[in-house]
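Containing mmCIF, C-alpha atoms: target-v6.cif.
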data_protein
loop_
_atom_site.label_atom_id
_atom_site.label_comp_id
_atom_site.auth_asym_id
_atom_site.auth_seq_id
_atom_site.Cartn_x
_atom_site.Cartn_y
_atom_site.Cartn_z
CA MET A 16 -54.10 8.09 -9.06
CA ASN A 17 -51.05 6.58 -10.66
CA TYR A 18 -50.84 3.24 -12.41
CA ASP A 19 -48.18 1.46 -14.41
CA TYR A 20 -47.57 -2.04 -15.72
CA GLU A 21 -43.86 -2.93 -15.59
CA GLY A 22 -43.02 0.67 -16.43
CA ARG A 23 -44.41 -0.04 -19.87
CA TYR A 24 -47.94 1.33 -19.77
CA LEU A 25 -48.45 4.34 -17.56
CA ALA A 26 -51.57 6.22 -16.57
CA GLU A 27 -52.29 9.01 -14.16
CA ILE A 28 -55.48 10.79 -13.14
CA ASN A 29 -55.62 13.99 -11.10
CA LEU A 30 -58.61 15.76 -9.68
CA ARG A 31 -58.65 19.16 -8.00
CA TYR A 32 -61.53 21.05 -6.45
CA ASP A 33 -60.52 24.62 -5.75
CA GLY A 34 -62.16 27.55 -4.04
CA THR A 35 -61.17 31.17 -3.65
CA SER A 36 -62.34 34.13 -1.61
CA ARG A 37 -62.17 36.45 -4.61
CA PHE A 38 -65.43 35.33 -6.22
CA ARG A 39 -69.00 35.15 -4.92
CA SER A 40 -70.02 31.91 -3.24
CA ASP A 41 -71.91 30.50 -6.26
CA LYS A 42 -68.91 31.20 -8.55
CA ARG A 43 -66.25 30.18 -6.05
CA TRP A 44 -65.63 26.45 -6.43
CA LYS A 45 -64.49 24.66 -9.55
CA MET A 46 -63.41 21.12 -10.40
CA PHE A 47 -60.22 20.72 -12.44
CA PRO A 48 -59.49 17.20 -13.77
CA SER A 49 -56.45 16.05 -15.69
CA PHE A 50 -55.00 12.79 -16.94
CA SER A 51 -52.00 11.47 -18.78
CA LEU A 52 -51.11 8.25 -20.59
CA GLY A 53 -47.69 6.92 -21.50
CA TRP A 54 -46.36 4.01 -23.49
CA ASN A 55 -42.71 3.11 -23.03
CA ILE A 56 -42.13 1.25 -26.29
CA ALA A 57 -38.48 0.45 -25.46
CA ARG A 58 -39.66 -1.83 -22.62
CA GLU A 59 -41.68 -4.02 -24.97
CA GLU A 60 -40.52 -7.54 -25.85
CA PHE A 61 -40.55 -6.75 -29.55
CA TRP A 62 -38.09 -3.87 -29.02
CA LYS A 63 -35.32 -6.25 -27.76
CA PRO A 64 -33.39 -6.25 -31.08
CA TRP A 65 -32.98 -2.46 -31.03
CA GLU A 66 -32.56 -2.01 -27.26
CA ASP A 67 -28.80 -1.39 -27.51
CA MET A 68 -29.33 1.36 -29.98
CA VAL A 69 -32.46 3.06 -28.60
CA GLY A 70 -32.85 2.52 -24.86
CA THR A 71 -35.73 4.91 -24.30
CA LEU A 72 -38.71 5.50 -26.53
CA LYS A 73 -41.84 6.80 -24.95
CA LEU A 74 -45.11 8.09 -26.34
CA ARG A 75 -47.10 10.43 -24.13
CA ALA A 76 -50.50 12.09 -24.23
CA SER A 77 -52.07 14.31 -21.61
CA TYR A 78 -55.04 16.52 -21.00
CA GLY A 79 -55.47 18.91 -18.12
CA GLU A 80 -57.72 21.64 -16.85
CA LEU A 81 -56.47 24.28 -14.47
CA GLY A 82 -57.85 27.51 -13.11
CA ASN A 83 -56.58 31.00 -12.54
CA GLN A 84 -58.11 33.26 -9.90
CA ASN A 85 -55.38 35.87 -9.75
CA THR A 86 -57.33 39.08 -10.18
CA LYS A 87 -55.59 42.40 -9.60
CA SER A 88 -58.08 43.42 -6.93
CA TRP A 89 -58.69 41.23 -3.91
CA TYR A 90 -62.40 42.11 -4.02
CA PRO A 91 -63.17 42.29 -7.74
CA THR A 92 -66.92 41.62 -7.37
CA TYR A 93 -67.65 44.39 -4.87
CA GLN A 94 -68.27 48.03 -5.63
CA THR A 95 -66.11 50.42 -3.67
CA MET A 96 -66.77 54.06 -2.91
CA SER A 97 -63.97 56.50 -2.33
CA VAL A 98 -64.64 58.47 0.85
CA ASN A 99 -62.58 61.52 1.72
CA ALA A 100 -62.58 63.71 4.80
CA SER A 101 -62.97 67.54 4.52
CA ASN A 102 -61.94 67.74 0.87
CA GLY A 103 -65.08 69.13 -0.77
CA SER A 104 -64.57 72.22 -2.89
CA TRP A 105 -67.48 74.09 -1.25
CA LEU A 106 -68.35 75.13 2.32
CA VAL A 107 -71.07 73.79 4.62
CA ASN A 108 -71.44 75.71 7.90
CA GLY A 109 -68.06 77.29 7.25
CA ALA A 110 -66.18 74.00 6.76
CA LYS A 111 -65.27 71.79 3.82
CA PRO A 112 -67.60 68.75 3.80
CA ASN A 113 -66.62 65.11 3.52
CA THR A 114 -67.13 63.60 0.07
CA ALA A 115 -67.99 60.22 -1.36
CA TYR A 116 -68.21 59.19 -4.99
CA ALA A 117 -70.67 56.77 -6.54
CA PRO A 118 -68.81 53.51 -7.15
CA GLY A 119 -67.85 52.28 -10.62
CA LEU A 120 -69.52 49.21 -12.11
CA VAL A 121 -68.14 45.75 -11.37
CA SER A 122 -69.02 42.31 -12.68
CA SER A 123 -70.34 40.36 -9.73
CA LEU A 124 -70.41 37.28 -12.01
CA MET A 125 -66.60 37.24 -12.11
CA THR A 126 -65.25 33.70 -11.89
CA TRP A 127 -62.29 31.38 -12.60
CA GLU A 128 -60.37 31.55 -15.85
CA GLN A 129 -60.10 27.99 -17.17
CA ILE A 130 -57.04 26.68 -18.96
CA LYS A 131 -57.48 23.40 -20.86
CA THR A 132 -54.38 21.86 -22.38
CA TRP A 133 -53.85 18.93 -24.73
CA ASP A 134 -50.34 17.63 -25.29
CA ILE A 135 -48.88 14.74 -27.25
CA GLY A 136 -45.22 13.99 -26.98
CA LEU A 137 -42.39 11.61 -27.71
CA ASP A 138 -39.17 11.09 -25.72
CA PHE A 139 -36.20 9.10 -26.86
CA GLY A 140 -32.72 8.21 -25.67
CA ALA A 141 -30.26 6.47 -27.99
CA LEU A 142 -26.65 5.26 -28.11
CA GLY A 143 -26.36 4.65 -24.37
CA ASN A 144 -28.48 7.73 -23.58
CA ARG A 145 -25.87 10.01 -25.12
CA LEU A 146 -28.37 11.20 -27.71
CA THR A 147 -31.64 12.30 -26.11
CA GLY A 148 -34.54 14.26 -27.42
CA SER A 149 -38.19 15.07 -27.04
CA PHE A 150 -40.99 16.48 -29.12
CA ASP A 151 -44.27 17.95 -27.94
CA TYR A 152 -47.26 19.37 -29.73
CA TYR A 153 -49.81 21.16 -27.60
CA GLN A 154 -53.07 23.01 -27.83
CA ARG A 155 -54.15 25.20 -24.96
CA GLN A 156 -57.51 26.87 -24.60
CA THR A 157 -57.97 29.69 -22.14
CA LEU A 158 -61.70 30.05 -21.51
CA ASP A 159 -63.54 32.85 -19.72
CA MET A 160 -60.40 34.95 -19.56
CA VAL A 161 -60.79 38.38 -18.01
CA GLY A 162 -60.07 40.41 -21.14
CA PRO A 163 -60.25 44.13 -21.82
CA ALA A 164 -63.58 45.70 -20.90
CA PRO A 165 -65.99 45.49 -23.87
CA GLU A 166 -67.25 48.55 -25.73
CA LEU A 167 -70.71 49.66 -24.64
CA PRO A 168 -72.76 52.67 -25.80
CA VAL A 169 -71.61 55.93 -24.18
CA ILE A 170 -75.16 56.29 -22.80
CA LEU A 171 -74.00 53.88 -20.05
CA GLY A 172 -72.46 56.98 -18.51
CA THR A 173 -69.62 55.30 -16.66
CA GLY A 174 -66.63 53.03 -17.14
CA VAL A 175 -67.28 49.49 -18.38
CA PRO A 176 -66.17 46.80 -15.91
CA LYS A 177 -63.87 43.94 -16.83
CA MET A 178 -65.50 40.53 -17.07
CA ASN A 179 -64.89 36.92 -18.14
CA ASN A 180 -65.44 37.70 -21.80
CA THR A 181 -62.49 36.26 -23.77
CA ASP A 182 -61.46 32.84 -25.08
CA LEU A 183 -57.98 32.17 -26.41
CA LYS A 184 -56.46 29.26 -28.22
CA THR A 185 -52.72 28.67 -28.26
CA TYR A 186 -51.03 25.95 -30.26
CA GLY A 187 -47.40 25.19 -30.76
CA PHE A 188 -44.61 22.70 -30.50
CA ASP A 189 -41.36 22.17 -28.60
CA LEU A 190 -38.50 20.15 -30.01
CA SER A 191 -35.21 19.47 -28.29
CA VAL A 192 -32.31 17.20 -29.22
CA ALA A 193 -29.23 16.89 -27.04
CA TRP A 194 -25.91 15.09 -27.22
CA ASN A 195 -23.97 14.48 -24.00
CA ASP A 196 -20.76 12.49 -23.71
CA ARG A 197 -17.51 12.15 -21.77
CA LEU A 198 -14.13 11.91 -23.43
CA LYS A 199 -11.56 9.28 -22.42
CA ASN A 200 -9.56 11.95 -20.56
CA GLY A 201 -12.60 12.61 -18.35
CA LEU A 202 -13.85 15.83 -19.92
CA GLY A 203 -17.60 15.90 -20.26
CA TYR A 204 -19.34 17.96 -22.94
CA GLY A 205 -22.79 18.47 -24.33
CA VAL A 206 -24.72 20.25 -27.05
CA LYS A 207 -28.42 20.94 -27.11
CA PHE A 208 -30.69 22.09 -29.92
CA ILE A 209 -34.08 23.62 -29.13
CA LEU A 210 -36.78 24.68 -31.56
CA SER A 211 -40.20 25.88 -30.52
CA ASP A 212 -43.04 27.95 -31.86
CA SER A 213 -46.52 28.92 -30.74
CA GLN A 214 -49.38 31.07 -31.89
CA THR A 215 -52.32 32.48 -30.00
CA LYS A 216 -55.70 33.24 -31.49
CA ILE A 217 -58.63 35.09 -29.92
CA THR A 218 -61.61 32.77 -30.34
CA ARG A 219 -64.23 34.81 -28.47
CA TYR A 220 -64.44 38.50 -27.66
CA PRO A 221 -67.41 40.88 -27.78
CA ASN A 222 -66.26 43.37 -30.45
CA GLN A 223 -69.34 43.82 -32.65
CA THR A 224 -68.06 46.96 -34.33
CA GLY A 225 -64.83 45.27 -35.47
CA ARG A 226 -62.52 47.77 -33.81
CA LEU A 227 -58.86 47.24 -34.60
CA ASP A 228 -57.42 48.68 -31.38
CA THR A 229 -58.69 45.86 -29.17
CA TYR A 230 -59.26 42.10 -29.38
CA ARG A 231 -61.26 40.73 -32.30
CA GLU A 232 -62.60 37.25 -32.85
CA GLY A 233 -60.13 35.41 -35.10
CA MET A 234 -57.32 37.83 -34.36
CA LYS A 235 -53.85 36.41 -33.87
CA TYR A 236 -52.13 37.69 -30.77
CA GLY A 237 -49.35 40.14 -31.63
CA GLU A 238 -50.35 40.59 -35.27
CA ILE A 239 -49.07 43.66 -37.08
CA TRP A 240 -51.13 45.86 -39.41
CA GLY A 241 -49.82 48.30 -41.99
CA TYR A 242 -50.56 49.98 -45.30
CA THR A 243 -49.85 48.22 -48.59
CA THR A 244 -47.38 50.13 -50.71
CA VAL A 245 -46.76 50.34 -54.43
CA GLY A 246 -43.14 51.36 -53.97
CA ILE A 247 -40.95 54.41 -53.48
CA ALA A 248 -41.44 57.37 -55.84
CA LYS A 249 -38.22 57.78 -57.83
CA THR A 250 -39.09 61.22 -59.22
CA GLN A 251 -41.42 64.08 -58.30
CA GLU A 252 -43.42 63.35 -61.49
CA GLU A 253 -44.00 59.77 -60.35
CA MET A 254 -45.30 60.97 -56.97
CA ASP A 255 -47.50 63.62 -58.60
CA ALA A 256 -48.99 60.99 -60.92
CA HIS A 257 -49.64 58.72 -57.94
CA LEU A 258 -51.36 61.53 -55.97
CA ALA A 259 -53.44 62.45 -59.05
CA SER A 260 -54.68 58.84 -59.24
CA LEU A 261 -56.27 59.32 -55.80
CA PRO A 262 -58.78 62.13 -56.41
CA ASN A 263 -60.65 61.75 -53.10
CA GLY A 264 -57.86 62.67 -50.71
CA GLY A 265 -56.02 59.38 -50.71
CA GLN A 266 -52.49 59.67 -49.51
CA ASP A 267 -52.99 63.25 -48.26
CA ALA A 268 -55.14 61.84 -45.44
CA ILE A 269 -52.05 60.33 -43.77
CA GLY A 270 -49.50 63.07 -44.47
CA SER A 271 -48.52 66.06 -46.58
CA ARG A 272 -45.66 67.36 -48.80
CA TRP A 273 -45.25 64.05 -50.62
CA GLU A 274 -42.10 64.15 -52.70
CA ALA A 275 -39.69 61.95 -54.59
CA GLY A 276 -38.20 59.35 -52.21
CA ASP A 277 -41.44 58.93 -50.22
CA LEU A 278 -43.53 55.79 -50.10
CA MET A 279 -46.57 55.53 -52.35
CA PHE A 280 -49.42 53.78 -50.53
CA ALA A 281 -51.78 51.56 -52.48
CA ASP A 282 -55.50 52.26 -52.80
CA VAL A 283 -56.62 48.76 -51.97
CA ASN A 284 -60.39 49.14 -52.47
CA GLY A 285 -60.13 51.62 -55.37
CA ASP A 286 -62.30 54.39 -53.87
CA GLY A 287 -59.64 57.06 -54.36
CA LYS A 288 -59.43 57.69 -50.61
CA MET B 3 -44.60 63.56 11.78
CA TYR B 4 -45.89 60.47 10.00
CA GLU B 5 -45.97 56.95 11.28
CA GLY B 6 -47.31 53.90 9.47
CA HIS B 7 -47.59 50.25 10.41
CA ASN B 8 -48.71 47.28 8.44
CA THR B 9 -48.81 43.60 9.19
CA SER B 10 -49.50 40.75 6.85
CA ASN B 11 -50.03 37.20 8.00
CA TYR B 12 -49.82 34.41 5.47
CA MET B 13 -50.91 30.95 6.49
CA ASN B 14 -50.49 27.93 4.30
CA ILE B 15 -51.54 24.45 5.25
CA ASN B 16 -50.88 21.33 3.20
CA ALA B 17 -52.11 17.94 4.30
CA TYR B 18 -51.87 14.81 2.21
CA THR B 19 -51.57 11.08 2.44
CA GLU B 20 -50.09 8.66 -0.05
CA TYR B 21 -50.62 5.00 -0.74
CA GLY B 22 -48.70 2.73 -3.07
CA LYS B 23 -48.92 -0.95 -3.93
CA GLN B 24 -46.66 -3.02 -6.16
CA LEU B 25 -47.96 -6.39 -7.28
CA GLU B 26 -45.75 -9.36 -8.27
CA SER B 27 -47.54 -9.48 -11.59
CA GLY B 28 -46.04 -6.12 -12.61
CA HIS B 29 -49.01 -3.85 -11.83
CA ASN B 30 -48.08 -0.81 -9.79
CA PHE B 31 -50.59 1.51 -8.14
CA LYS B 32 -50.04 4.80 -6.39
CA GLY B 33 -52.54 7.27 -5.05
CA MET B 34 -52.71 10.42 -3.01
CA VAL B 35 -55.42 12.58 -1.48
CA GLY B 36 -54.69 15.98 -0.12
CA PHE B 37 -55.96 19.33 1.01
CA GLN B 38 -54.32 22.69 0.86
CA ALA B 39 -55.40 26.12 2.02
CA GLU B 40 -53.94 29.59 2.03
CA LEU B 41 -55.02 32.58 4.07
CA MET B 42 -53.60 36.06 3.73
CA LYS B 43 -54.56 38.76 6.22
CA TYR B 44 -53.38 42.29 5.72
CA LYS B 45 -53.79 45.23 8.05
CA SER B 46 -52.36 48.71 8.06
CA ILE B 47 -52.74 51.93 10.02
CA SER B 48 -51.04 55.27 9.62
CA LEU B 49 -51.22 58.62 11.32
CA GLN B 50 -49.86 62.07 10.75
CA ARG B 51 -49.71 65.15 12.99
CA GLU B 52 -47.86 68.40 12.37
CA GLY B 53 -45.34 70.06 14.69
CA ILE B 54 -42.47 68.01 16.06
CA ILE B 55 -41.41 69.67 19.32
CA VAL B 56 -38.06 67.94 20.00
CA PRO B 57 -36.41 66.96 16.69
CA SER B 58 -34.58 64.02 18.26
CA LEU B 59 -37.82 62.62 19.72
CA PRO B 60 -40.20 62.07 16.80
CA SER B 61 -43.27 60.67 18.51
CA ILE B 62 -46.92 61.50 17.95
CA ASP B 63 -47.59 62.33 21.63
CA ILE B 64 -45.02 65.13 21.63
CA THR B 65 -46.16 66.99 18.53
CA SER B 66 -47.86 70.36 18.81
CA GLY B 67 -50.51 69.82 16.12
CA THR B 68 -49.63 73.13 14.46
CA ASP B 69 -47.81 73.77 11.20
CA ALA B 70 -44.84 76.10 10.49
CA TYR B 71 -47.14 79.19 10.63
CA GLY B 72 -48.61 78.23 14.02
CA LYS B 73 -51.90 77.26 12.42
CA GLU B 74 -53.72 74.27 13.84
CA VAL B 75 -53.86 71.34 11.37
CA ALA B 76 -56.16 68.39 11.95
CA PRO B 77 -54.23 65.13 12.38
CA SER B 78 -54.94 62.45 9.80
CA VAL B 79 -55.53 58.79 10.53
CA THR B 80 -55.97 56.02 7.96
CA GLY B 81 -56.60 52.32 8.26
CA ASN B 82 -56.94 49.41 5.86
CA LEU B 83 -57.99 45.82 6.36
CA SER B 84 -58.09 43.17 3.64
CA ASP B 85 -57.67 39.45 3.16
CA TRP B 86 -57.99 36.62 0.68
CA ALA B 87 -58.11 32.85 0.93
CA THR B 88 -57.97 29.80 -1.29
CA ALA B 89 -58.71 26.16 -0.58
CA GLY B 90 -58.25 23.08 -2.69
CA PHE B 91 -58.94 19.37 -2.45
CA LEU B 92 -56.93 17.04 -4.63
CA VAL B 93 -56.84 13.42 -5.68
CA VAL B 94 -53.69 12.35 -7.51
#

Please lay out the structure from this file as structure tokens.
Amino acid sequence: MNYDYEGRYLAEINLRYDGTSRFRSDKRWKMFPSFSLGWNIAREEFWKPWEDMVGTLKLRASYGELGNQNTKSWYPTYQTMSVNASNGSWLVNGAKPNTAYAPGLVSSLMTWEQIKTWDIGLDFGALGNRLTGSFDYYQRQTLDMVGPAPELPVILGTGVPKMNNTDLKTYGFDLSVAWNDRLKNGLGYGVKFILSDSQTKITRYPNQTGRLDTYREGMKYGEIWGYTTVGIAKTQEEMDAHLASLPNGGQDAIGSRWEAGDLMFADVNGDGK
Amino acid sequence: MYEGHNTSNYMNINAYTEYGKQLESGHNFKGMVGFQAELMKYKSISLQREGIIVPSLPSIDITSGTDAYGKEVAPSVTGNLSDWATAGFLVV
């Protein structure tokens, strides 16, 4: 539904109800609403004095929910057995038997990933629309994402299935400013400046043991971990003194033959390891 | 001699209707309701039998069923059937 009053106040509401064959019938259908509001300030009476200078000035806000059902497998909630003809490695009545393997685990609760996005923005056009620009700040939440399979005790005895176990939060901004004009001789030219940034944080993931090689709650996507250093050893004596300050193994745990010119890694918690 | 066939049929239907009304007073309304659906059907078969008899006529019915040493080899046949579908109702 779309509504506007003299192009000044704008509103829009969308509603989607989507279903997919990939999930079980009780997890199949989902409602996805979204709406947006706009206020074109340059069309207001009170803007008349500045209309020649700034012809477009619009404030926007929107919220939307969307779903993603694009799983790698077309039948992610069903267990499949691999059946092979005459490939057993033993003989039955003088012939190789057919074989079938017990299926791996699957999550039959698999359902839609939900993406909820907030956005506020501003558009402007000035000096006869030669100078245009826009700014947006957004926050996007990805809920029930199908993340890496969680860690379960080895006693499970088989591979852990993937499931809707991860929430993400992404926030960032987009800024663009452009200048477009035409010279008297007819040559048109333009310049555009774009600046954008975004960060993604894991807000939910079952990682009770705090493992570093998979998602963790509070982890920023793409973060880099490393050792803290105290500098480069300038002489062999300096390195020897550094190694002697770590009586419980310390630096030798990550390498050997430490010499002058190598990095000296800091003992952050002071346990000499 | 190996022969494989696969067919995929993709069907996509979109149906929608729009309504708009502009009032003298400056209020403008626009609305749309729609339906869309996708259906993908995939099917494949393949077969393999040893022993082409006439090299210029590679066809399953004129293969001997024996390998280079004259040993009988069982022909292999595989098949695969899968599909997916989505449907959506929308109000804009």

Restrict the distance test to all atoms listed in the file, flag each residue of chain B within 10 Å of chain A, and return the flagged residues as a PyMOL selection string. chain B and resi 20-41+78+84-94

List the spatial neighbours of A:Asn180 as a PyMOL selection string - criterion: any atom at most 8 Å away, all atoms listed in the file, same-chain residues fewer than 6 positions off excluded. chain A and resi 159-162+219-221

For this file, the PyMOL selection byres ((chain B and resi 61-74) around 10) selects which residues, as a VMD selection string? chain B and resid 3 to 5 49 to 60 75 to 77

Generate the output file for the selected residues, C-alpha atoms, as an mmCIF file, keeping the file's coordinate frame.
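Wrote result.cif, looks like this:
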data_model
loop_
_atom_site.group_PDB
_atom_site.id
_atom_site.type_symbol
_atom_site.label_atom_id
_atom_site.label_comp_id
_atom_site.auth_asym_id
_atom_site.auth_seq_id
_atom_site.Cartn_x
_atom_site.Cartn_y
_atom_site.Cartn_z
ATOM 1 C CA MET B 3 -44.600 63.560 11.780
ATOM 2 C CA TYR B 4 -45.890 60.470 10.000
ATOM 3 C CA GLU B 5 -45.970 56.950 11.280
ATOM 4 C CA LEU B 49 -51.220 58.620 11.320
ATOM 5 C CA GLN B 50 -49.860 62.070 10.750
ATOM 6 C CA ARG B 51 -49.710 65.150 12.990
ATOM 7 C CA GLU B 52 -47.860 68.400 12.370
ATOM 8 C CA GLY B 53 -45.340 70.060 14.690
ATOM 9 C CA ILE B 54 -42.470 68.010 16.060
ATOM 10 C CA ILE B 55 -41.410 69.670 19.320
ATOM 11 C CA VAL B 56 -38.060 67.940 20.000
ATOM 12 C CA PRO B 57 -36.410 66.960 16.690
ATOM 13 C CA SER B 58 -34.580 64.020 18.260
ATOM 14 C CA LEU B 59 -37.820 62.620 19.720
ATOM 15 C CA PRO B 60 -40.200 62.070 16.800
ATOM 16 C CA VAL B 75 -53.860 71.340 11.370
ATOM 17 C CA ALA B 76 -56.160 68.390 11.950
ATOM 18 C CA PRO B 77 -54.230 65.130 12.380
#

Please measure the separation of atom CA of A:Trp194 and atom CA of A:Phe150, giving the value in Å to one decimal. 15.3 Å

Can you tell me how far atom CA of A:Ser211 sits from atom CA of A:Ser191, in Å to one decimal?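 Computing the Euclidean distance for atom CA of A:Ser211 and atom CA of A:Ser191 yields 8.4 Å.
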
So how many Å separate atom CA of A:Leu183 and atom CA of A:Thr132, to one decimal?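 Taking atom CA of A:Leu183 and atom CA of A:Thr132, their separation equals 11.6 Å.
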
Residue with the minimum atom-to-atom distance to A:Pro168, picked from A:Glu80, A:Gln223, A:Phe139, A:Glu274 with only C-alpha atoms counted, is A:Gln223

Run the PyMOL selection byres ((chain A and resi 250-260) around 12) on the file and write out the hits as number ranges by chain. A: 244-249, 261-268, 270-282, 285-288

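Here the question is which of A:Asp212, A:Glu66, A:Glu59, A:Asp189 gets nearest to A:Leu137 using only C-alpha atoms, and that residue is A:Asp189.
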
Using all atoms listed in the file, list the residues that have an atom at most 9 Å from (-59.1, 56.1, 10.4), coordinates as in the file, as a ChimeraX atom specification. /B:47-49,78-82

List as number ranges by chain the protein and nucleic acid residues near stretch 117-131 of chain A, meaning an atom at most 6 Å away when all atoms listed in the file are counted, but skip any in the same chain fewer than 3 places from it. A: 38, 42, 79-84, 92, 94-96, 155-160, 176, 178

Neighbours of A:Ile56 within 9 Å (all atoms listed in the file; same-chain residues fewer than 5 positions away dropped), as a short mmCIF file (atom, residue, chain, number, x, y, z; two decimals) with C-alpha atoms, in the coordinates of the input?
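around_14.cif, freshly written:
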data_model
loop_
_atom_site.label_atom_id
_atom_site.label_comp_id
_atom_site.auth_asym_id
_atom_site.auth_seq_id
_atom_site.Cartn_x
_atom_site.Cartn_y
_atom_site.Cartn_z
CA ARG A 23 -44.41 -0.04 -19.87
CA TYR A 24 -47.94 1.33 -19.77
CA PHE A 61 -40.55 -6.75 -29.55
CA TRP A 62 -38.09 -3.87 -29.02
CA THR A 71 -35.73 4.91 -24.30
CA LEU A 72 -38.71 5.50 -26.53
CA LYS A 73 -41.84 6.80 -24.95
CA LEU A 74 -45.11 8.09 -26.34
#

Surrounding residues of A:Gln154 excluding itself and chain neighbours under 5 positions, 8 Å, all atoms listed in the file, as a PyMOL selection string: chain A and resi 132-134+184-187

Give me a file of those residues, with C-alpha atoms, as a PDB file, in the frame of the given file.
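What follows is the written file out23.pdb:
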ATOM      1  CA  THR A 132     -54.380  21.860 -22.380  1.00  0.00           C
ATOM      2  CA  TRP A 133     -53.850  18.930 -24.730  1.00  0.00           C
ATOM      3  CA  ASP A 134     -50.340  17.630 -25.290  1.00  0.00           C
ATOM      4  CA  LYS A 184     -56.460  29.260 -28.220  1.00  0.00           C
ATOM      5  CA  THR A 185     -52.720  28.670 -28.260  1.00  0.00           C
ATOM      6  CA  TYR A 186     -51.030  25.950 -30.260  1.00  0.00           C
ATOM      7  CA  GLY A 187     -47.400  25.190 -30.760  1.00  0.00           C
TER       8      GLY A 187
END

Exactly which residues make up the result of the PyMOL selection byres ((chain A and resi 147) around 6) on this file, given as a PyMOL selection string? chain A and resi 139-140+146+148+192-193
